[in-house]
>>> print(open('coords34.txt').read())   # compact mmCIF, C-alpha atoms
# COMPACT_ATOMS: atom_id res chain seq x y z
CA MET A 1 69.48 3.73 -52.40
CA ASN A 2 66.74 5.63 -54.25
CA PHE A 3 65.64 3.90 -57.43
CA THR A 4 63.86 5.33 -60.47
CA ASP A 5 61.21 3.42 -62.37
CA LEU A 6 60.48 3.93 -66.05
CA VAL A 7 56.75 4.04 -66.82
CA ILE A 8 55.88 3.26 -70.44
CA GLN A 9 52.34 3.67 -71.72
CA GLY A 10 50.25 4.33 -74.78
CA PRO A 11 47.42 2.76 -76.79
CA THR A 12 49.91 1.27 -79.28
CA ALA A 13 52.23 -0.22 -76.65
CA ALA A 14 53.21 -3.81 -77.51
CA LEU A 15 55.03 -6.32 -75.34
CA GLN A 16 57.97 -6.45 -77.75
CA ASP A 17 58.44 -2.69 -77.31
CA ILE A 18 58.34 -3.03 -73.54
CA GLU A 19 60.91 -5.81 -73.63
CA ALA A 20 63.17 -3.74 -75.89
CA LEU A 21 62.93 -0.75 -73.55
CA HIS A 22 63.52 -3.00 -70.53
CA ALA A 23 66.82 -4.07 -72.05
CA LEU A 24 67.70 -0.56 -73.21
CA ALA A 25 67.14 0.86 -69.71
CA GLY A 26 68.86 -2.04 -67.96
CA ALA A 27 65.82 -2.37 -65.70
CA SER A 28 65.72 -4.96 -62.93
CA GLY A 29 62.09 -5.96 -63.33
CA LEU A 30 58.86 -5.46 -65.20
CA LYS A 31 55.26 -5.04 -64.06
CA GLN A 32 52.17 -4.43 -66.17
CA VAL A 33 50.10 -1.63 -64.64
CA ASP A 34 47.10 -1.88 -66.94
CA GLU A 35 46.31 -2.90 -70.51
CA HIS A 36 48.49 -0.19 -72.02
CA ALA A 37 50.97 0.66 -69.25
CA TRP A 38 54.07 -0.98 -67.80
CA ARG A 39 56.48 -0.12 -64.98
CA LEU A 40 60.14 -0.96 -65.59
CA LYS A 41 61.78 -1.16 -62.19
CA ALA A 42 65.14 0.38 -61.26
CA ALA A 43 65.64 1.74 -64.78
CA ASN A 44 68.60 3.77 -65.99
CA LYS A 45 68.25 7.02 -67.92
CA ARG A 46 70.07 6.00 -71.07
CA GLU A 47 70.36 7.45 -74.54
CA GLY A 48 67.91 6.07 -77.06
CA ILE A 49 64.91 5.70 -74.76
CA ALA A 50 63.27 8.97 -75.77
CA GLU A 51 63.92 8.30 -79.46
CA TYR A 52 62.56 4.76 -79.27
CA CYS A 53 59.38 5.92 -77.52
CA ALA A 54 58.89 8.74 -80.01
CA SER A 55 59.21 6.33 -82.94
CA LYS A 56 56.57 4.03 -81.41
CA LYS A 57 54.27 6.83 -80.16
CA LEU A 58 54.72 5.83 -76.53
CA ASP A 59 54.73 8.03 -73.45
CA TYR A 60 57.61 7.53 -71.05
CA ALA A 61 58.36 8.92 -67.61
CA PHE A 62 61.14 8.36 -65.10
CA VAL A 63 59.40 8.34 -61.72
CA PRO A 64 60.91 7.92 -58.23
CA ALA A 65 60.19 4.30 -57.34
CA GLU A 66 58.93 5.20 -53.88
CA ARG A 67 56.34 7.73 -55.11
CA ARG A 68 52.81 6.48 -54.41
CA LEU A 69 49.57 7.95 -55.71
CA ALA A 70 48.21 7.79 -52.16
CA ASP A 71 50.88 10.32 -51.09
CA PHE A 72 48.97 13.07 -52.94
CA GLY A 73 45.96 14.92 -51.58
CA LEU A 74 44.82 17.12 -54.49
CA VAL A 75 44.71 16.90 -58.27
CA ALA A 76 43.95 20.15 -60.12
CA MET A 77 43.06 20.03 -63.79
CA ASP A 78 42.23 22.32 -66.66
CA MET A 79 38.90 21.74 -68.43
CA ASP A 80 39.04 22.56 -72.16
CA SER A 81 41.21 20.14 -74.16
CA THR A 82 42.24 18.46 -70.90
CA LEU A 83 39.36 16.99 -68.89
CA ILE A 84 37.20 17.35 -72.00
CA THR A 85 38.12 17.06 -75.67
CA ILE A 86 36.72 20.39 -76.88
CA GLU A 87 37.30 24.10 -76.39
CA CYS A 88 33.82 25.12 -75.24
CA ILE A 89 34.05 28.71 -76.42
CA ASP A 90 34.99 27.57 -79.92
CA GLU A 91 31.93 25.32 -80.06
CA ILE A 92 29.68 28.08 -78.72
CA ALA A 93 31.03 30.32 -81.48
CA ASP A 94 30.13 27.64 -84.02
CA MET A 95 26.49 28.27 -83.17
CA LEU A 96 26.99 31.75 -84.65
CA GLY A 97 29.03 30.53 -87.60
CA ILE A 98 32.22 32.17 -86.33
CA LYS A 99 34.09 29.16 -84.96
CA SER A 100 37.20 29.66 -87.12
CA GLU A 101 37.56 33.28 -86.01
CA VAL A 102 37.20 32.46 -82.31
CA ALA A 103 39.27 29.27 -82.52
CA ALA A 104 42.19 31.21 -84.02
CA ILE A 105 42.19 33.53 -80.99
CA THR A 106 41.93 30.54 -78.63
CA ALA A 107 44.87 28.77 -80.27
CA SER A 108 46.99 31.91 -80.17
CA ALA A 109 46.25 32.40 -76.47
CA MET A 110 47.10 28.79 -75.64
CA ARG A 111 50.44 29.17 -77.42
CA GLY A 112 51.13 32.22 -75.27
CA GLU A 113 51.01 34.73 -78.11
CA ILE A 114 48.09 36.77 -76.73
CA GLU A 115 47.52 37.75 -73.10
CA PHE A 116 44.67 35.56 -71.84
CA LYS A 117 42.39 38.24 -70.41
CA GLU A 118 42.50 40.17 -73.67
CA SER A 119 41.87 37.03 -75.70
CA LEU A 120 38.87 36.09 -73.56
CA ARG A 121 37.36 39.55 -73.78
CA ARG A 122 37.72 39.51 -77.55
CA ARG A 123 36.20 36.06 -77.90
CA VAL A 124 33.30 36.61 -75.51
CA ALA A 125 32.45 39.94 -77.18
CA LEU A 126 31.94 38.07 -80.45
CA LEU A 127 29.25 35.95 -78.76
CA LYS A 128 27.01 38.91 -77.90
CA GLY A 129 23.35 38.26 -78.65
CA LEU A 130 23.59 34.47 -78.78
CA ASP A 131 20.70 32.64 -77.13
CA GLU A 132 21.83 31.02 -73.87
CA GLY A 133 20.25 27.75 -75.05
CA ALA A 134 23.32 27.35 -77.26
CA LEU A 135 25.36 26.60 -74.13
CA GLN A 136 23.18 23.60 -73.31
CA ARG A 137 23.44 22.41 -76.89
CA VAL A 138 27.22 22.47 -76.69
CA TYR A 139 27.11 20.53 -73.42
CA ASP A 140 24.64 17.95 -74.71
CA GLU A 141 25.83 17.53 -78.28
CA ARG A 142 29.55 18.26 -78.34
CA LEU A 143 31.16 17.98 -74.92
CA ARG A 144 32.99 14.69 -74.49
CA LEU A 145 35.29 13.57 -71.70
CA SER A 146 38.88 12.88 -72.62
CA PRO A 147 39.78 9.16 -72.81
CA GLY A 148 40.61 7.75 -69.40
CA ALA A 149 39.04 10.66 -67.49
CA GLU A 150 36.49 8.59 -65.60
CA ARG A 151 39.02 5.90 -64.72
CA MET A 152 41.41 8.54 -63.40
CA LEU A 153 38.73 10.21 -61.31
CA ALA A 154 37.48 6.88 -59.91
CA ARG A 155 41.01 5.99 -58.84
CA LEU A 156 41.49 9.37 -57.17
CA ARG A 157 38.18 9.06 -55.31
CA SER A 158 39.09 5.57 -54.09
CA LEU A 159 42.15 7.06 -52.37
CA GLY A 160 40.36 10.09 -50.98
CA ILE A 161 42.29 12.49 -53.22
CA ARG A 162 40.40 15.74 -53.79
CA THR A 163 39.82 17.15 -57.27
CA LEU A 164 39.79 20.75 -58.51
CA LEU A 165 38.53 21.67 -61.98
CA VAL A 166 39.90 25.12 -62.76
CA SER A 167 39.19 26.77 -66.08
CA GLY A 168 39.53 29.95 -68.07
CA GLY A 169 36.22 28.81 -69.54
CA PHE A 170 32.78 29.07 -68.04
CA THR A 171 30.91 28.01 -64.93
CA PHE A 172 28.02 26.79 -67.10
CA PHE A 173 30.22 23.81 -67.98
CA THR A 174 32.36 23.41 -64.86
CA GLU A 175 29.36 23.24 -62.55
CA ARG A 176 27.63 20.59 -64.66
CA LEU A 177 30.83 18.55 -64.79
CA LYS A 178 31.24 18.95 -61.04
CA THR A 179 27.88 17.31 -60.44
CA ARG A 180 28.25 14.70 -63.16
CA LEU A 181 31.75 13.59 -62.12
CA ALA A 182 31.56 14.20 -58.35
CA LEU A 183 34.40 16.74 -58.46
CA ASP A 184 35.20 18.50 -55.20
CA TYR A 185 35.99 22.06 -56.31
CA THR A 186 35.66 24.25 -59.39
CA ALA A 187 36.70 27.74 -60.50
CA ALA A 188 35.80 29.41 -63.80
CA ASN A 189 34.37 32.54 -65.44
CA VAL A 190 30.71 33.60 -65.28
CA LEU A 191 29.13 34.61 -68.57
CA ALA A 192 26.93 37.70 -68.40
CA ILE A 193 23.40 36.79 -69.52
CA ASN A 194 20.22 38.87 -69.56
CA GLY A 195 16.85 38.04 -71.03
CA GLY A 196 18.16 34.69 -72.24
CA LYS A 197 20.88 36.32 -74.34
CA LEU A 198 24.65 36.49 -73.91
CA LEU A 199 25.78 40.07 -73.28
CA GLY A 200 29.26 39.60 -74.71
CA SER A 201 31.07 39.93 -71.37
CA VAL A 202 31.86 38.08 -68.16
CA VAL A 203 30.79 38.91 -64.61
CA GLY A 204 33.52 39.88 -62.15
CA GLU A 205 37.23 39.22 -62.36
CA ILE A 206 38.45 37.00 -65.18
CA VAL A 207 39.95 33.66 -64.18
CA ASP A 208 43.21 33.82 -66.10
CA ALA A 209 46.54 32.07 -65.54
CA GLN A 210 47.09 33.77 -62.18
CA GLY A 211 43.48 33.14 -61.23
CA LYS A 212 43.97 29.43 -61.88
CA ALA A 213 47.14 29.40 -59.78
CA ARG A 214 45.36 31.26 -56.98
CA ALA A 215 42.47 28.78 -57.00
CA LEU A 216 44.90 25.88 -56.70
CA ARG A 217 46.90 27.59 -53.97
CA GLU A 218 43.82 28.52 -51.93
CA THR A 219 42.36 25.02 -52.25
CA ARG A 220 45.68 23.44 -51.29
CA GLU A 221 46.00 25.65 -48.24
CA SER A 222 42.39 25.09 -47.15
CA LEU A 223 43.07 21.35 -47.19
CA GLY A 224 46.28 21.77 -45.20
CA LEU A 225 48.37 20.23 -47.97
CA THR A 226 51.91 20.98 -49.08
CA LYS A 227 53.00 21.60 -52.65
CA GLN A 228 54.54 18.11 -52.64
CA GLN A 229 51.04 16.64 -52.27
CA VAL A 230 49.62 18.26 -55.40
CA ILE A 231 49.38 17.19 -59.05
CA ALA A 232 48.30 19.70 -61.71
CA ILE A 233 47.27 18.83 -65.28
CA GLY A 234 47.08 21.29 -68.17
CA ASP A 235 47.76 21.84 -71.84
CA GLY A 236 48.47 25.48 -72.64
CA ALA A 237 50.12 28.76 -71.72
CA ASN A 238 47.21 29.67 -69.47
CA ASP A 239 48.09 26.67 -67.27
CA LEU A 240 51.75 27.51 -66.61
CA ALA A 241 51.22 29.36 -63.32
CA MET A 242 48.93 26.59 -62.07
CA LEU A 243 51.43 23.90 -63.05
CA ALA A 244 54.11 25.76 -61.11
CA GLU A 245 52.01 25.53 -57.94
CA ALA A 246 52.16 21.71 -57.97
CA ASP A 247 55.03 19.36 -57.23
CA VAL A 248 54.02 17.21 -60.20
CA ALA A 249 52.99 19.05 -63.37
CA VAL A 250 51.50 16.92 -66.15
CA ALA A 251 51.25 18.27 -69.71
CA TYR A 252 48.33 16.46 -71.34
CA HIS A 253 48.34 16.44 -75.17
CA ALA A 254 49.82 19.88 -74.69
CA LYS A 255 51.23 22.84 -76.55
CA PRO A 256 55.06 23.07 -76.56
CA ILE A 257 55.03 25.87 -73.99
CA ALA A 258 53.25 23.63 -71.47
CA ARG A 259 55.32 20.57 -72.30
CA ALA A 260 58.50 22.51 -71.56
CA ALA A 261 57.22 23.38 -68.07
CA ALA A 262 55.97 19.92 -67.14
CA THR A 263 57.37 17.19 -64.93
CA TYR A 264 55.78 14.56 -67.17
CA CYS A 265 54.17 14.69 -70.62
CA LEU A 266 51.33 12.52 -71.85
CA ASP A 267 51.13 12.89 -75.61
CA HIS A 268 49.50 9.59 -76.54
CA SER A 269 47.86 8.13 -73.42
CA GLY A 270 44.50 9.03 -71.93
CA LEU A 271 44.07 10.91 -68.66
CA ASP A 272 44.29 7.63 -66.76
CA GLY A 273 47.98 7.82 -67.69
CA VAL A 274 48.31 10.26 -64.79
CA VAL A 275 47.42 7.65 -62.16
CA ASN A 276 49.54 5.01 -63.94
CA LEU A 277 52.65 7.08 -63.19
CA PHE A 278 52.61 6.24 -59.50
CA ARG A 279 52.47 3.08 -57.42
>>> encode(input="coords34.txt", output="structure tokens")
Amino acid sequence: MNFTDLVIQGPTAALQDIEALHALAGASGLKQVDEHAWRLKAANKREGIAEYCASKKLDYAFVPAERRLADFGLVAMDMDSTLITIECIDEIADMLGIKSEVAAITASAMRGEIEFKESLRRRVALLKGLDEGALQRVYDERLRLSPGAERMLARLRSLGIRTLLVSGGFTFFTERLKTRLALDYTAANVLAINGGKLLGSVVGEIVDAQGKARALRETRESLGLTKQQVIAIGDGANDLAMLAEADVAVAYHAKPIARAAATYCLDHSGLDGVVNLFR
């Protein structure tokens, strides 16, 4: 018989909530995974679980009991508002005093209201003339990893699981994060720069939603992996095609359009919630 476990996690998770959910799901056992995560064994998908978790700001996921993290070979992740807490282009724009204008375009694109390539062209054009030193300032002063990112990556490395950072953002940031975090692969857009100034365009083909999916697919195939061995993590409309290329799609603090396409949603937990899902 195939059993399903119920994984409950979140920074506000309390033992009394776990016990209540254990009873509600008619689970056969209980195991604490880490400080803020529990696995309820052989749980039943019953009414009231989603509502209870929502009221307590807890993430919940019904996961096949036999699914192990070690069964995966690749984890692909978005960068902006996923691996890191900021949207880099919005912070770059802030150096010109036009953050609100650029951020509005970013938000609209992530909701799926504007085609991504068009949105990127419009946003990058507004950056024309900015000194390239502003990029380093954003990296040094504003870029922060999402909670749990380093724990997630350490766990993946310990199991030999490869990592792909794929972004509709810029190589200036993905390449620095690749070195800093020992990521295996990256794909992103190249900003056109001349004489130390941004030219208001990108070099070559834009990495959009299909570009992200292609990067995941090509990396997966080069590693000789199947779709069933891949996890993808994203937060917006630009991630939908990439999420569809993975057997497990995780929506991380995501827009509704990404949540609707995901296997699991993490609305309250950190990125380490991804590795907590599996044995």
>>> closest_residue(input="coords34.txt", among="A:Val230, A:Leu191, A:Ile206, A:Ile89", to="Glu118 of chain A", atoms="all atoms listed in the file")
A:Ile206
>>> atom_distance(input="coords34.txt", atom1="atom CA of Phe173 of chain A", atom2="atom CA of Leu223 of chain A")
24.6 Å
>>> closest_residue(input="coords34.txt", among="A:Ala134, A:Leu271, A:Leu164, A:Ala261", to="Ser146 of chain A", atoms="only C-alpha atoms")
A:Leu271
>>> residues_near_point(input="coords34.txt", point="(53.5, 19.5, -66.2)", cutoff="12 Å", atoms="only C-alpha atoms", output="VMD selection string")
chain A and resid 61 76 to 78 230 to 237 239 to 267 274
>>> residues_around(input="coords34.txt", residues="Ala25 of chain A", least_positions_apart="4", cutoff="9 Å", atoms="all atoms listed in the file", output="number ranges by chain")
A: 6, 20-21, 40, 42-47, 49
>>> atom_distance(input="coords34.txt", atom1="atom CA of Leu159 of chain A", atom2="atom CA of Phe3 of chain A")
24.2 Å
>>> closest_residue(input="coords34.txt", among="A:Asp272, A:Val203, A:Phe62, A:Glu91", to="Gln136 of chain A", atoms="all atoms listed in the file")
A:Glu91
>>> residues_around(input="coords34.txt", residues="segment 68-71 of chain A", least_positions_apart="4", cutoff="12 Å", atoms="all atoms listed in the file", output="list in words")
Asp5, Val63, Pro64, Val75, Met152, Arg155, Leu156, Arg157, Ser158, Leu159, Gly160, Ile161, Arg162, Leu225, Thr226, Lys227, Gln228, Gln229, Val230, Ile231, Asp247, Val248, Val274, Val275, Asn276, Leu277, Phe278 and Arg279 of chain A
>>> closest_residue(input="coords34.txt", among="A:Leu127, A:Gly270, A:Ala14, A:Ala182", to="Ala93 of chain A", atoms="only C-alpha atoms")
A:Leu127
>>> residues_near_point(input="coords34.txt", point="(23.1, 26.9, -74.1)", cutoff="10 Å", atoms="only C-alpha atoms", output="list in words")
Ile92, Met95, Leu130, Asp131, Glu132, Gly133, Ala134, Leu135, Gln136, Arg137, Val138, Tyr139, Asp140, Phe172, Phe173, Gly196, Lys197 and Leu198 of chain A
>>> atom_distance(input="coords34.txt", atom1="atom CA of Glu175 of chain A", atom2="atom CA of Val190 of chain A")
10.8 Å
>>> closest_residue(input="coords34.txt", among="A:Lys31, A:Lys212, A:Arg123, A:Arg217", to="Lys99 of chain A", atoms="all atoms listed in the file")
A:Arg123
>>> closest_residue(input="coords34.txt", among="A:Glu218, A:Gly148, A:Ala103, A:Gly273", to="Val33 of chain A", atoms="only C-alpha atoms")
A:Gly273
>>> residues_around(input="coords34.txt", residues="Val166 of chain A", least_positions_apart="6", cutoff="9 Å", atoms="only C-alpha atoms", output="number ranges by chain")
A: 76-79, 174, 185-188, 207, 211-213, 215-216
>>> decode(input="coords34.txt", residues="segment 206-275 of chain A", atoms="C-alpha atoms", output="PDB file, in the first residue's frame")
ATOM      1  CA  ILE A 206      16.508  37.312 -23.852  1.00  0.00           C
ATOM      2  CA  VAL A 207      16.133  34.564 -21.253  1.00  0.00           C
ATOM      3  CA  ASP A 208      12.367  34.589 -20.846  1.00  0.00           C
ATOM      4  CA  ALA A 209       9.965  31.896 -19.645  1.00  0.00           C
ATOM      5  CA  GLN A 210      10.797  29.579 -22.541  1.00  0.00           C
ATOM      6  CA  GLY A 211      14.490  30.330 -22.119  1.00  0.00           C
ATOM      7  CA  LYS A 212      14.279  29.252 -18.483  1.00  0.00           C
ATOM      8  CA  ALA A 213      12.492  26.043 -19.455  1.00  0.00           C
ATOM      9  CA  ARG A 214      15.079  25.352 -22.148  1.00  0.00           C
ATOM     10  CA  ALA A 215      17.949  25.845 -19.695  1.00  0.00           C
ATOM     11  CA  LEU A 216      16.369  23.378 -17.287  1.00  0.00           C
ATOM     12  CA  ARG A 217      15.654  20.868 -20.038  1.00  0.00           C
ATOM     13  CA  GLU A 218      19.159  21.064 -21.503  1.00  0.00           C
ATOM     14  CA  THR A 219      20.781  20.744 -18.078  1.00  0.00           C
ATOM     15  CA  ARG A 220      18.548  17.800 -17.190  1.00  0.00           C
ATOM     16  CA  GLU A 221      19.374  16.031 -20.425  1.00  0.00           C
ATOM     17  CA  SER A 222      23.109  16.697 -20.126  1.00  0.00           C
ATOM     18  CA  LEU A 223      23.027  15.027 -16.707  1.00  0.00           C
ATOM     19  CA  GLY A 224      21.085  12.051 -18.048  1.00  0.00           C
ATOM     20  CA  LEU A 225      18.192  12.690 -15.684  1.00  0.00           C
ATOM     21  CA  THR A 226      14.474  12.139 -16.140  1.00  0.00           C
ATOM     22  CA  LYS A 227      11.777  14.686 -15.395  1.00  0.00           C
ATOM     23  CA  GLN A 228      10.926  12.654 -12.273  1.00  0.00           C
ATOM     24  CA  GLN A 229      14.371  13.511 -10.859  1.00  0.00           C
ATOM     25  CA  VAL A 230      13.931  17.281 -11.054  1.00  0.00           C
ATOM     26  CA  ILE A 231      12.593  19.906  -8.643  1.00  0.00           C
ATOM     27  CA  ALA A 232      11.941  23.470  -9.856  1.00  0.00           C
ATOM     28  CA  ILE A 233      11.309  26.489  -7.612  1.00  0.00           C
ATOM     29  CA  GLY A 234       9.791  29.785  -8.740  1.00  0.00           C
ATOM     30  CA  ASP A 235       7.412  32.578  -7.857  1.00  0.00           C
ATOM     31  CA  GLY A 236       5.912  34.202 -10.939  1.00  0.00           C
ATOM     32  CA  ALA A 237       4.432  33.876 -14.411  1.00  0.00           C
ATOM     33  CA  ASN A 238       7.894  33.825 -15.949  1.00  0.00           C
ATOM     34  CA  ASP A 239       8.568  30.548 -14.099  1.00  0.00           C
ATOM     35  CA  LEU A 240       5.556  28.570 -15.334  1.00  0.00           C
ATOM     36  CA  ALA A 241       7.281  26.881 -18.281  1.00  0.00           C
ATOM     37  CA  MET A 242      10.256  25.968 -16.090  1.00  0.00           C
ATOM     38  CA  LEU A 243       7.996  24.563 -13.378  1.00  0.00           C
ATOM     39  CA  ALA A 244       6.295  22.408 -15.998  1.00  0.00           C
ATOM     40  CA  GLU A 245       9.632  20.810 -16.895  1.00  0.00           C
ATOM     41  CA  ALA A 246      10.028  19.367 -13.375  1.00  0.00           C
ATOM     42  CA  ASP A 247       8.193  16.533 -11.670  1.00  0.00           C
ATOM     43  CA  VAL A 248       7.996  18.594  -8.479  1.00  0.00           C
ATOM     44  CA  ALA A 249       7.162  22.295  -8.882  1.00  0.00           C
ATOM     45  CA  VAL A 250       7.479  24.445  -5.760  1.00  0.00           C
ATOM     46  CA  ALA A 251       5.857  27.892  -5.609  1.00  0.00           C
ATOM     47  CA  TYR A 252       7.903  29.936  -3.140  1.00  0.00           C
ATOM     48  CA  HIS A 253       6.119  32.973  -1.632  1.00  0.00           C
ATOM     49  CA  ALA A 254       4.571  33.134  -5.073  1.00  0.00           C
ATOM     50  CA  LYS A 255       2.056  35.019  -7.148  1.00  0.00           C
ATOM     51  CA  PRO A 256      -1.332  33.265  -7.578  1.00  0.00           C
ATOM     52  CA  ILE A 257      -0.505  32.262 -11.145  1.00  0.00           C
ATOM     53  CA  ALA A 258       2.535  30.292  -9.968  1.00  0.00           C
ATOM     54  CA  ARG A 259       0.769  28.839  -6.946  1.00  0.00           C
ATOM     55  CA  ALA A 260      -1.936  27.422  -9.202  1.00  0.00           C
ATOM     56  CA  ALA A 261       0.675  25.575 -11.282  1.00  0.00           C
ATOM     57  CA  ALA A 262       2.688  24.173  -8.389  1.00  0.00           C
ATOM     58  CA  THR A 263       2.881  20.742  -6.817  1.00  0.00           C
ATOM     59  CA  TYR A 264       3.593  22.329  -3.433  1.00  0.00           C
ATOM     60  CA  CYS A 265       3.383  25.903  -2.125  1.00  0.00           C
ATOM     61  CA  LEU A 266       5.608  27.450   0.509  1.00  0.00           C
ATOM     62  CA  ASP A 267       3.979  30.675   1.641  1.00  0.00           C
ATOM     63  CA  HIS A 268       5.443  31.000   5.134  1.00  0.00           C
ATOM     64  CA  SER A 269       8.528  28.761   5.358  1.00  0.00           C
ATOM     65  CA  GLY A 270      12.030  29.527   4.146  1.00  0.00           C
ATOM     66  CA  LEU A 271      13.661  27.817   1.175  1.00  0.00           C
ATOM     67  CA  ASP A 272      14.810  24.997   3.438  1.00  0.00           C
ATOM     68  CA  GLY A 273      11.128  24.030   3.414  1.00  0.00           C
ATOM     69  CA  VAL A 274      11.845  22.460   0.026  1.00  0.00           C
ATOM     70  CA  VAL A 275      14.205  19.838   1.460  1.00  0.00           C
TER      71      VAL A 275
END
